[in-house]
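Source file: entry32.cif; contents: mmCIF, C-alpha atoms and all ligand atoms.
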data_coords
#
loop_
_atom_site.label_atom_id
_atom_site.label_comp_id
_atom_site.auth_asym_id
_atom_site.auth_seq_id
_atom_site.Cartn_x
_atom_site.Cartn_y
_atom_site.Cartn_z
CA MET J 1 -38.79 -26.58 -2.11
CA ILE J 2 -36.54 -25.29 -4.86
CA LYS J 3 -35.23 -27.90 -7.28
CA LYS J 4 -33.12 -26.20 -9.94
CA VAL J 5 -30.60 -23.33 -9.70
CA GLY J 6 -28.48 -21.60 -12.36
CA ILE J 7 -25.05 -20.10 -11.65
CA LEU J 8 -22.95 -17.63 -13.61
CA THR J 9 -19.64 -15.84 -13.07
CA ALA J 10 -19.55 -12.36 -14.62
CA GLY J 11 -16.98 -9.59 -15.03
CA GLY J 12 -13.21 -9.90 -14.60
CA ASP J 13 -11.95 -13.28 -13.43
CA CYS J 14 -10.78 -13.45 -9.84
CA PRO J 15 -9.16 -15.94 -7.45
CA GLY J 16 -11.86 -17.69 -5.44
CA LEU J 17 -14.53 -17.97 -8.14
CA ASN J 18 -14.06 -21.73 -8.37
CA ALA J 19 -14.22 -22.09 -4.58
CA VAL J 20 -17.56 -20.22 -4.63
CA ILE J 21 -18.91 -22.50 -7.39
CA ARG J 22 -17.73 -25.53 -5.42
CA GLY J 23 -19.40 -24.23 -2.22
CA ILE J 24 -22.69 -23.69 -4.07
CA VAL J 25 -22.69 -27.09 -5.81
CA LYS J 26 -21.73 -29.13 -2.75
CA THR J 27 -24.38 -27.41 -0.60
CA ALA J 28 -26.97 -27.93 -3.35
CA ASP J 29 -26.11 -31.61 -3.66
CA TYR J 30 -26.84 -32.24 0.02
CA ALA J 31 -30.23 -30.57 -0.48
CA SER J 32 -30.97 -32.49 -3.70
CA VAL J 33 -31.00 -29.26 -5.72
CA GLU J 34 -29.81 -29.45 -9.34
CA THR J 35 -27.23 -26.86 -10.43
CA TYR J 36 -26.37 -25.64 -13.93
CA GLY J 37 -23.53 -23.29 -14.84
CA PHE J 38 -24.02 -20.74 -17.63
CA MET J 39 -20.81 -20.34 -19.60
CA GLN J 40 -18.96 -17.01 -20.10
CA GLY J 41 -21.10 -14.99 -17.70
CA TYR J 42 -24.12 -13.11 -19.06
CA LYS J 43 -23.17 -14.16 -22.61
CA GLY J 44 -23.92 -17.82 -21.82
CA LEU J 45 -27.12 -16.78 -20.06
CA TYR J 46 -28.26 -14.92 -23.16
CA TYR J 47 -27.37 -17.74 -25.60
CA ASN J 48 -28.56 -20.44 -23.15
CA ASN J 49 -25.12 -22.06 -23.13
CA PHE J 50 -24.80 -24.06 -19.91
CA MET J 51 -23.29 -27.17 -18.32
CA LYS J 52 -24.73 -29.49 -15.64
CA LEU J 53 -22.79 -29.22 -12.38
CA ASP J 54 -22.37 -31.80 -9.64
CA PRO J 55 -19.79 -32.66 -6.93
CA THR J 56 -17.62 -34.62 -9.38
CA VAL J 57 -17.36 -31.58 -11.71
CA VAL J 58 -16.23 -29.27 -8.89
CA SER J 59 -13.92 -31.77 -7.24
CA GLY J 60 -10.38 -30.43 -6.77
CA ILE J 61 -11.04 -26.83 -7.90
CA ILE J 62 -11.01 -25.05 -4.51
CA ALA J 63 -7.52 -23.60 -5.02
CA LYS J 64 -7.73 -23.05 -8.78
CA GLY J 65 -7.81 -19.41 -9.89
CA GLY J 66 -10.23 -18.19 -12.55
CA THR J 67 -13.59 -19.87 -13.23
CA ILE J 68 -14.44 -23.26 -14.78
CA LEU J 69 -17.54 -21.56 -16.25
CA GLY J 70 -15.57 -18.83 -18.00
CA SER J 71 -16.55 -15.17 -17.76
CA ASN J 72 -16.69 -11.97 -19.77
CA ASN J 73 -17.18 -8.31 -18.92
CA LYS J 74 -18.82 -7.18 -22.16
CA THR J 75 -22.38 -8.56 -22.27
CA ASN J 76 -25.23 -6.36 -21.02
CA ILE J 77 -28.50 -8.23 -21.68
CA PHE J 78 -30.43 -5.03 -21.00
CA ALA J 79 -28.68 -3.33 -23.91
CA MET J 80 -27.73 -5.98 -26.49
CA PRO J 81 -26.24 -4.64 -29.78
CA VAL J 82 -28.48 -5.51 -32.77
CA LYS J 83 -27.41 -4.75 -36.36
CA ASP J 84 -30.17 -3.84 -38.86
CA LYS J 85 -30.11 -4.62 -42.64
CA ASN J 86 -28.11 -1.44 -43.27
CA GLY J 87 -25.53 -2.48 -40.71
CA GLU J 88 -26.74 0.15 -38.24
CA ILE J 89 -26.30 -0.97 -34.61
CA SER J 90 -29.02 -0.31 -32.02
CA PHE J 91 -29.27 -1.61 -28.46
CA GLU J 92 -32.22 -3.73 -27.39
CA ASP J 93 -33.36 -4.91 -23.96
CA LYS J 94 -33.38 -8.72 -24.21
CA SER J 95 -33.96 -9.35 -20.50
CA PHE J 96 -37.68 -10.17 -20.76
CA GLU J 97 -37.11 -13.12 -23.11
CA VAL J 98 -34.24 -14.43 -20.98
CA VAL J 99 -36.38 -14.36 -17.84
CA GLU J 100 -39.27 -16.06 -19.66
CA ARG J 101 -36.95 -18.82 -20.91
CA LEU J 102 -35.47 -19.42 -17.46
CA LYS J 103 -38.96 -19.76 -15.97
CA ARG J 104 -40.01 -22.07 -18.83
CA ASP J 105 -36.96 -24.21 -18.07
CA ASN J 106 -38.03 -24.37 -14.41
CA PHE J 107 -35.07 -22.51 -12.92
CA ASP J 108 -36.09 -21.52 -9.37
CA CYS J 109 -33.23 -19.06 -8.90
CA LEU J 110 -30.11 -17.65 -10.55
CA ILE J 111 -26.94 -17.14 -8.49
CA ILE J 112 -24.85 -14.35 -10.00
CA ILE J 113 -21.23 -14.03 -8.89
CA GLY J 114 -19.84 -10.67 -9.96
CA GLY J 115 -18.53 -7.19 -9.21
CA ASP J 116 -20.36 -3.89 -8.99
CA GLY J 117 -21.45 -3.82 -12.66
CA SER J 118 -22.56 -7.47 -12.76
CA LEU J 119 -24.44 -7.09 -9.45
CA LYS J 120 -26.21 -4.03 -10.89
CA SER J 121 -27.49 -6.26 -13.72
CA ALA J 122 -28.40 -8.88 -11.10
CA ARG J 123 -30.57 -6.27 -9.40
CA ASP J 124 -32.11 -5.36 -12.76
CA PHE J 125 -33.11 -9.00 -13.27
CA THR J 126 -34.92 -8.97 -9.91
CA ARG J 127 -36.96 -6.06 -11.26
CA ARG J 128 -37.92 -8.33 -14.17
CA GLY J 129 -39.33 -10.88 -11.71
CA LEU J 130 -36.40 -13.31 -11.61
CA ASN J 131 -35.29 -14.84 -8.27
CA VAL J 132 -31.63 -13.86 -7.88
CA ILE J 133 -28.90 -14.29 -5.27
CA GLY J 134 -25.76 -12.11 -5.67
CA VAL J 135 -22.22 -12.98 -4.53
CA PRO J 136 -19.69 -10.09 -4.30
CA LYS J 137 -16.57 -10.81 -6.39
CA THR J 138 -13.60 -8.65 -7.31
CA ILE J 139 -9.93 -8.22 -6.54
CA ASP J 140 -10.72 -4.46 -6.28
CA ASN J 141 -12.66 -4.86 -2.99
CA ASP J 142 -14.94 -2.03 -4.18
CA VAL J 143 -18.37 -3.69 -3.75
CA PRO J 144 -20.36 -1.82 -1.08
CA TYR J 145 -22.20 -3.40 1.89
CA THR J 146 -19.54 -6.03 2.56
CA ASP J 147 -16.38 -5.99 4.71
CA THR J 148 -14.50 -7.51 1.79
CA THR J 149 -14.80 -9.38 -1.48
CA PHE J 150 -13.08 -12.67 -2.24
CA GLY J 151 -10.09 -12.19 -4.56
CA PHE J 152 -8.87 -9.11 -2.72
CA ASN J 153 -6.70 -11.02 -0.23
CA THR J 154 -5.02 -13.02 -3.00
CA ALA J 155 -4.33 -9.88 -5.07
CA VAL J 156 -2.83 -8.11 -2.04
CA THR J 157 -0.66 -11.16 -1.35
CA VAL J 158 0.67 -11.09 -4.93
CA ALA J 159 1.26 -7.32 -4.83
CA THR J 160 3.01 -7.51 -1.45
CA GLU J 161 5.38 -10.19 -2.74
CA ALA J 162 6.11 -7.94 -5.73
CA ILE J 163 6.99 -5.05 -3.42
CA ASP J 164 9.34 -7.32 -1.48
CA ARG J 165 11.01 -8.29 -4.75
CA ILE J 166 11.42 -4.82 -6.28
CA ARG J 167 12.94 -3.60 -3.02
CA THR J 168 15.99 -5.73 -3.91
CA THR J 169 16.79 -3.78 -7.08
CA ALA J 170 15.86 -0.44 -5.48
CA GLU J 171 18.41 -1.03 -2.70
CA SER J 172 21.07 -2.43 -5.05
CA HIS J 173 20.92 0.48 -7.50
CA GLY J 174 19.77 3.33 -5.28
CA ARG J 175 16.66 3.73 -7.44
CA ILE J 176 13.07 4.90 -7.07
CA LEU J 177 10.96 1.80 -7.84
CA VAL J 178 7.30 2.33 -8.74
CA LEU J 179 4.77 -0.54 -8.68
CA GLU J 180 1.40 -0.05 -10.41
CA VAL J 181 -1.42 -2.23 -9.08
CA MET J 182 -5.04 -2.77 -10.15
CA GLY J 183 -8.17 -1.63 -8.33
CA ARG J 184 -9.99 0.48 -10.90
CA TYR J 185 -11.30 3.62 -9.18
CA ALA J 186 -10.61 2.41 -5.63
CA GLY J 187 -7.25 2.28 -3.87
CA TRP J 188 -7.79 -0.77 -1.64
CA ILE J 189 -5.14 -3.01 -3.24
CA ALA J 190 -2.52 -0.23 -3.32
CA LEU J 191 -3.16 0.82 0.29
CA ALA J 192 -3.23 -2.70 1.74
CA ALA J 193 -0.20 -3.94 -0.22
CA GLY J 194 1.64 -0.67 0.45
CA ILE J 195 1.27 -1.13 4.21
CA ALA J 196 2.09 -4.86 4.03
CA GLY J 197 5.12 -4.24 1.80
CA GLY J 198 6.46 -1.32 3.80
CA ALA J 199 6.17 1.09 0.88
CA ASP J 200 7.30 4.70 1.41
CA THR J 201 4.60 6.28 -0.75
CA VAL J 202 1.15 4.99 -1.73
CA LEU J 203 -0.94 6.87 -4.31
CA ILE J 204 -4.65 6.08 -4.50
CA PRO J 205 -7.57 7.47 -6.58
CA GLU J 206 -9.23 8.84 -3.45
CA ILE J 207 -6.37 11.29 -2.83
CA PRO J 208 -5.24 13.23 -5.95
CA TYR J 209 -1.49 13.53 -5.38
CA ASP J 210 1.01 16.40 -5.34
CA PHE J 211 4.49 15.65 -6.72
CA LYS J 212 5.96 18.07 -4.16
CA SER J 213 4.79 15.75 -1.40
CA ILE J 214 6.36 12.71 -3.12
CA VAL J 215 9.69 14.53 -3.65
CA ASN J 216 9.72 15.66 -0.01
CA LYS J 217 9.30 12.04 1.11
CA ILE J 218 12.17 10.86 -1.11
CA ASN J 219 14.45 13.66 0.16
CA GLN J 220 13.44 12.94 3.77
CA ARG J 221 14.58 9.35 3.29
CA LYS J 222 17.86 10.50 1.71
CA SER J 223 18.50 12.69 4.76
CA ILE J 224 18.58 9.51 6.88
CA GLY J 225 20.82 7.68 4.42
CA LYS J 226 18.12 5.78 2.51
CA ASN J 227 18.98 6.46 -1.14
CA TYR J 228 16.08 4.42 -2.57
CA SER J 229 12.26 4.57 -2.34
CA ILE J 230 9.30 2.29 -3.09
CA ILE J 231 6.17 3.96 -4.50
CA VAL J 232 2.94 1.96 -4.96
CA VAL J 233 0.49 3.54 -7.44
CA ALA J 234 -3.12 2.45 -7.90
CA GLU J 235 -4.02 2.33 -11.61
CA GLY J 236 -6.77 4.89 -10.97
CA ALA J 237 -4.54 7.39 -9.12
CA LYS J 238 -4.13 10.84 -10.65
CA PRO J 239 -2.26 14.09 -9.88
CA ILE J 240 -4.12 17.13 -8.50
CA GLY J 241 -5.85 18.73 -11.47
CA GLY J 242 -4.85 15.80 -13.71
CA ASN J 243 -6.60 12.80 -15.25
CA VAL J 244 -6.40 9.04 -14.82
CA ALA J 245 -3.99 7.16 -17.10
CA VAL J 246 -5.98 5.27 -19.74
CA LYS J 247 -4.37 2.24 -21.41
CA SER J 248 -7.19 1.44 -23.85
CA ILE J 249 -10.87 1.78 -24.65
CA VAL J 250 -12.86 -1.46 -24.96
CA SER J 251 -15.75 0.03 -26.94
CA ASP J 252 -18.12 -2.97 -26.63
CA SER J 253 -17.76 -3.23 -22.85
CA PRO J 254 -20.30 -1.49 -20.58
CA ASP J 255 -17.29 -0.17 -18.61
CA SER J 256 -15.12 0.70 -21.64
CA ILE J 257 -12.13 2.38 -20.00
CA ARG J 258 -9.08 0.19 -19.26
CA LEU J 259 -6.74 1.99 -16.91
CA GLY J 260 -2.96 1.72 -17.16
CA GLY J 261 0.20 3.82 -17.21
CA ALA J 262 -0.16 5.65 -13.88
CA GLY J 263 2.98 4.01 -12.51
CA GLU J 264 5.18 4.84 -15.48
CA PHE J 265 3.89 8.43 -15.45
CA VAL J 266 4.92 8.83 -11.80
CA ALA J 267 8.33 7.23 -12.44
CA ARG J 268 9.12 9.56 -15.35
CA GLU J 269 8.00 12.71 -13.49
CA VAL J 270 9.84 11.80 -10.29
CA GLU J 271 13.04 11.03 -12.24
CA LYS J 272 12.82 14.48 -13.85
CA LEU J 273 12.17 16.23 -10.52
CA ILE J 274 14.73 14.31 -8.45
CA GLY J 275 17.41 13.58 -11.07
CA GLN J 276 17.61 10.00 -9.76
CA GLU J 277 16.93 6.80 -11.69
CA ALA J 278 13.31 5.65 -11.43
CA ARG J 279 11.83 2.43 -12.83
CA SER J 280 8.22 1.21 -12.95
CA THR J 281 6.59 -2.22 -13.03
CA SER J 282 2.87 -2.85 -13.62
CA LEU J 283 1.52 -6.07 -12.08
CA GLY J 284 -1.58 -6.20 -14.30
CA TYR J 285 -3.22 -9.61 -14.59
CA ILE J 286 -0.66 -11.32 -12.36
CA GLN J 287 -2.81 -10.02 -9.49
CA ARG J 288 -5.78 -12.05 -10.77
CA GLY J 289 -3.96 -15.26 -11.64
CA GLY J 290 -2.54 -18.32 -9.98
CA ASP J 291 -3.84 -20.20 -6.96
CA THR J 292 -6.25 -18.68 -4.46
CA SER J 293 -5.03 -17.72 -0.97
CA PRO J 294 -6.28 -19.86 1.95
CA TYR J 295 -8.17 -16.84 3.33
CA ASP J 296 -10.00 -16.38 0.02
CA ARG J 297 -10.70 -20.13 -0.26
CA ILE J 298 -12.44 -19.98 3.13
CA LEU J 299 -14.34 -16.76 2.36
CA SER J 300 -15.38 -18.02 -1.09
CA THR J 301 -16.60 -21.34 0.33
CA GLU J 302 -18.57 -19.44 3.00
CA TYR J 303 -20.08 -17.14 0.35
CA GLY J 304 -20.97 -20.04 -1.95
CA ALA J 305 -22.51 -22.22 0.77
CA MET J 306 -24.48 -19.25 2.15
CA ALA J 307 -25.73 -18.29 -1.33
CA MET J 308 -27.18 -21.76 -1.85
CA GLN J 309 -28.64 -21.83 1.67
CA MET J 310 -30.35 -18.49 0.93
CA ALA J 311 -31.79 -19.98 -2.27
CA ILE J 312 -33.04 -23.05 -0.35
CA ASP J 313 -34.60 -20.73 2.26
CA GLU J 314 -36.00 -18.61 -0.62
CA LYS J 315 -34.29 -15.47 0.68
CA PHE J 316 -34.12 -14.18 -2.91
CA ASN J 317 -32.96 -10.80 -4.29
CA ASN J 318 -30.23 -10.41 -1.70
CA MET J 319 -26.42 -10.41 -1.89
CA VAL J 320 -24.35 -12.62 0.39
CA THR J 321 -22.07 -10.42 2.47
CA MET J 322 -19.67 -10.31 5.40
CA LEU J 323 -20.59 -7.52 7.83
CA ASN J 324 -18.41 -7.05 10.92
CA GLY J 325 -17.00 -10.51 10.33
CA LYS J 326 -20.42 -12.23 10.13
CA ILE J 327 -21.66 -13.97 6.96
CA THR J 328 -25.12 -12.53 6.26
CA TYR J 329 -26.98 -10.84 3.38
CA VAL J 330 -28.22 -7.43 2.17
CA PRO J 331 -30.82 -6.47 -0.50
CA LEU J 332 -29.48 -6.23 -4.04
CA GLU J 333 -31.42 -2.97 -4.40
CA GLU J 334 -29.15 -1.41 -1.75
CA VAL J 335 -25.97 -2.82 -3.30
CA ALA J 336 -26.81 -1.63 -6.83
CA GLY J 337 -28.02 1.78 -5.71
CA LYS J 338 -31.84 1.91 -5.65
CA ASP J 339 -32.03 4.99 -7.87
CA THR J 340 -29.96 3.62 -10.75
CA ALA J 341 -32.15 2.83 -13.74
CA ILE J 342 -32.47 -0.62 -15.30
CA GLY J 343 -29.77 -1.15 -17.92
CA ALA J 344 -27.71 1.85 -16.83
CA SER J 345 -24.04 0.86 -16.62
CA SER J 346 -23.46 3.29 -13.73
CA SER J 347 -22.49 1.30 -10.69
CA ASN J 348 -22.15 1.88 -7.01
CA ILE J 349 -18.58 1.34 -5.75
CA LYS J 350 -17.02 1.44 -2.26
CA THR J 351 -13.90 3.63 -2.26
CA VAL J 352 -11.32 3.94 0.53
CA ASP J 353 -12.70 5.87 3.52
CA LEU J 354 -10.12 8.59 4.28
CA ASN J 355 -10.95 8.24 8.00
CA SER J 356 -10.43 4.46 7.96
CA ASP J 357 -8.02 2.62 10.23
CA MET J 358 -5.85 1.70 7.23
CA ILE J 359 -5.45 5.34 6.17
CA GLN J 360 -4.73 6.40 9.79
CA THR J 361 -2.20 3.59 10.14
CA ALA J 362 -0.45 4.55 6.90
CA ARG J 363 -0.08 8.13 8.10
CA ARG J 364 1.05 7.09 11.62
CA VAL J 365 3.90 4.97 10.21
CA GLY J 366 4.95 7.79 7.86
CA ILE J 367 3.70 6.51 4.52
CA CYS J 368 3.31 9.45 2.13
CA LEU J 369 -0.18 9.45 0.55
CA GLY J 370 0.66 12.19 -1.93
CA ASP J 371 -1.03 14.97 0.02
O1 LIG J 401 -12.27 -5.24 -11.81
C1 LIG J 401 -11.17 -6.08 -11.78
C2 LIG J 401 -10.13 -5.56 -12.74
O2 LIG J 401 -9.01 -6.40 -12.70
C3 LIG J 401 -9.70 -4.12 -12.46
O3 LIG J 401 -8.83 -4.02 -11.35
C4 LIG J 401 -9.08 -3.76 -13.79
O4 LIG J 401 -9.02 -2.34 -13.99
C5 LIG J 401 -10.07 -4.42 -14.78
O5 LIG J 401 -10.63 -5.53 -14.09
C6 LIG J 401 -9.42 -4.90 -16.07
O6 LIG J 401 -10.49 -5.36 -16.89
P1 LIG J 401 -10.20 -6.42 -18.09
O7 LIG J 401 -10.02 -7.76 -17.47
O8 LIG J 401 -11.43 -6.33 -18.97
O9 LIG J 401 -8.97 -5.92 -18.80
#
Before we go any further, please render this structure as structure tokens.
Ligand code: F6P
Amino acid sequence: MIKKVGILTAGGDCPGLNAVIRGIVKTADYASVETYGFMQGYKGLYYNNFMKLDPTVVSGIIAKGGTILGSNNKTNIFAMPVKDKNGEISFEDKSFEVVERLKRDNFDCLIIIGGDGSLKSARDFTRRGLNVIGVPKTIDNDVPYTDTTFGFNTAVTVATEAIDRIRTTAESHGRILVLEVMGRYAGWIALAAGIAGGADTVLIPEIPYDFKSIVNKINQRKSIGKNYSIIVVAEGAKPIGGNVAVKSIVSDSPDSIRLGGAGEFVAREVEKLIGQEARSTSLGYIQRGGDTSPYDRILSTEYGAMAMQMAIDEKFNNMVTMLNGKITYVPLEEVAGKDTAIGASSSNIKTVDLNSDMIQTARRVGICLGD
């Protein structure tokens, strides 16, 4: 019987993380398993910075966005920066000593709640002999082998409300309003919110867009007396033959590129082509903040409770998942991409399937996808 489990939340924060932690801790308590939370993701794991968890600590956090453990998306224990006496930085694999310490401290398992990059490291730890359970987390919904990730529903809810609100000024001023949403290199948030918000055009990374197509859609609306348009742009969307819009480079992060500016780029180009006022708004971190949607609270609780049950049943080195609506699990090796080397920051993401129901639906109701 397992007795002691560690938990960490890694990568970008996301609505539902606290509900997952709560699901894990409450399930563990009923099975007399001790739980400890490592602070700030892999950074706390490396520096052995943790807090004891129990039902009183997680009481009342089910709706609370973010994570009581803190997180970060910079630490890669398999490639830790080390400065020598001349100030030269090299990268060292510190995973062996971390695994040894966890075993010495009698941890039976580590539950890692993270996105594609964090789950890749989770898989790497299994290759170092650590018992690991992964939980798929991200507002981007781009983790493979699961119907959906918690956080996605809340982000789409926020983005949809934003579309409803910018429609007001678009109608009042006869403007082209552009909303930039997150999602990294996948267009799930843009596509789902675009359909929910009744957007006229949705631009996603999976379909490099043609401005001619966007202009045609705007003119088609004008021909029926609609002198305004709503365009939703995923932050990773790019024109045919063009590049993604980069906001900044976070040099000490395994995934250093921070996307941003795609929406403003589209607004400026469309205004030039159409000769009509265009304005852009970027939702940014608003999509990750605030309270968690009821759907995500349920999904997160299911994921957390299942993760702890898998640890109790010693079904290690798997990721909790929802497949065809059923809560189950898949091997972390599959999720991370078996062939990716230990320590490599390359990760395996799930992009929008261009034959999916959502894409077909968007086309059937006349949403322009930029092609
Ligand atoms: O992966 C979640 C996410 O919010 C992406 O949609 C976004 O591109 C990225 O994180 C931003 O990262 P950070 O929080 O480091 O700025």
- prompt: Hey, what's within 6 Å of region 194-197 of chain J if we count all atoms listed in the file and toss same-chain stuff fewer than 3 positions away? As a ChimeraX atom specification, please?
  reply: /J:160,163,190-191
Might you pull out every residue within 10 Å of Gly60 (chain J), with only C-alpha atoms counted and same-chain residues fewer than 3 positions away left off, and present them as a ChimeraX atom specification? /J:18-19,22,55-57,63-64
Filtering to C-alpha atoms, could you give me those residues as an mmCIF file, in the frame of the given file?
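Final output, again-v4.cif:
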data_model
loop_
_atom_site.group_PDB
_atom_site.id
_atom_site.type_symbol
_atom_site.label_atom_id
_atom_site.label_comp_id
_atom_site.auth_asym_id
_atom_site.auth_seq_id
_atom_site.Cartn_x
_atom_site.Cartn_y
_atom_site.Cartn_z
ATOM 1 C CA ASN J 18 -14.060 -21.730 -8.370
ATOM 2 C CA ALA J 19 -14.220 -22.090 -4.580
ATOM 3 C CA ARG J 22 -17.730 -25.530 -5.420
ATOM 4 C CA PRO J 55 -19.790 -32.660 -6.930
ATOM 5 C CA THR J 56 -17.620 -34.620 -9.380
ATOM 6 C CA VAL J 57 -17.360 -31.580 -11.710
ATOM 7 C CA ALA J 63 -7.520 -23.600 -5.020
ATOM 8 C CA LYS J 64 -7.730 -23.050 -8.780
#
Problem set entry | Spatial neighbours of Val365 (chain J), max dist 12 Å, only C-alpha atoms, sep filter under 5 positions, as a list of chain:residue names |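 Here the qualifying residues turn out to be J:Gly194, J:Ile195, J:Ala196, J:Gly198, J:Ala199, J:Asp200, J:Thr201, J:Met358, J:Ile359, J:Gln360.
Taking CA of Asn72 (chain J) and CA of Gly11 (chain J) as endpoints, the distance between them is 5.3 Å.
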Contacts of Ser282 (chain J) at 7 Å (all atoms listed in the file; same-chain gap of 4+ positions) as a PyMOL selection string: chain J and resi 179-181+263
Next item on the list: Could you report the residues within 7 Å of ligand LIG 401 (chain J), using only C-alpha atoms and all ligand atoms, as a PyMOL selection string?
Entry: chain J and resi 12+73+138-140+182-184+258-259+285+288
Hey, what's within 10 Å of Pro208 (chain J) if we count only C-alpha atoms and toss same-chain stuff fewer than 2 positions away? As a list in words, please?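 Non-adjacent residues within range: Leu203, Ile204, Pro205, Glu206, Asp210, Gly236, Ala237, Lys238, Pro239, Ile240, Gly241, Gly242, Asn243, Val244, Leu369, Gly370 and Asp371 of chain J.
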Hey, can you spit out that residue selection with C-alpha atoms as a CSV table (one decimal), keeping the file's coordinate frame?
chain,number,residue,atom,x,y,z
J,203,LEU,CA,-0.9,6.9,-4.3
J,204,ILE,CA,-4.6,6.1,-4.5
J,205,PRO,CA,-7.6,7.5,-6.6
J,206,GLU,CA,-9.2,8.8,-3.4
J,210,ASP,CA,1.0,16.4,-5.3
J,236,GLY,CA,-6.8,4.9,-11.0
J,237,ALA,CA,-4.5,7.4,-9.1
J,238,LYS,CA,-4.1,10.8,-10.6
J,239,PRO,CA,-2.3,14.1,-9.9
J,240,ILE,CA,-4.1,17.1,-8.5
J,241,GLY,CA,-5.8,18.7,-11.5
J,242,GLY,CA,-4.8,15.8,-13.7
J,243,ASN,CA,-6.6,12.8,-15.2
J,244,VAL,CA,-6.4,9.0,-14.8
J,369,LEU,CA,-0.2,9.4,0.6
J,370,GLY,CA,0.7,12.2,-1.9
J,371,ASP,CA,-1.0,15.0,0.0
I'd like the interatomic distance between CA of Ile111 (chain J) and CA of Met308 (chain J), to a tenth of an Å.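 Result for CA of Ile111 (chain J) versus CA of Met308 (chain J): 8.1 Å, one decimal.
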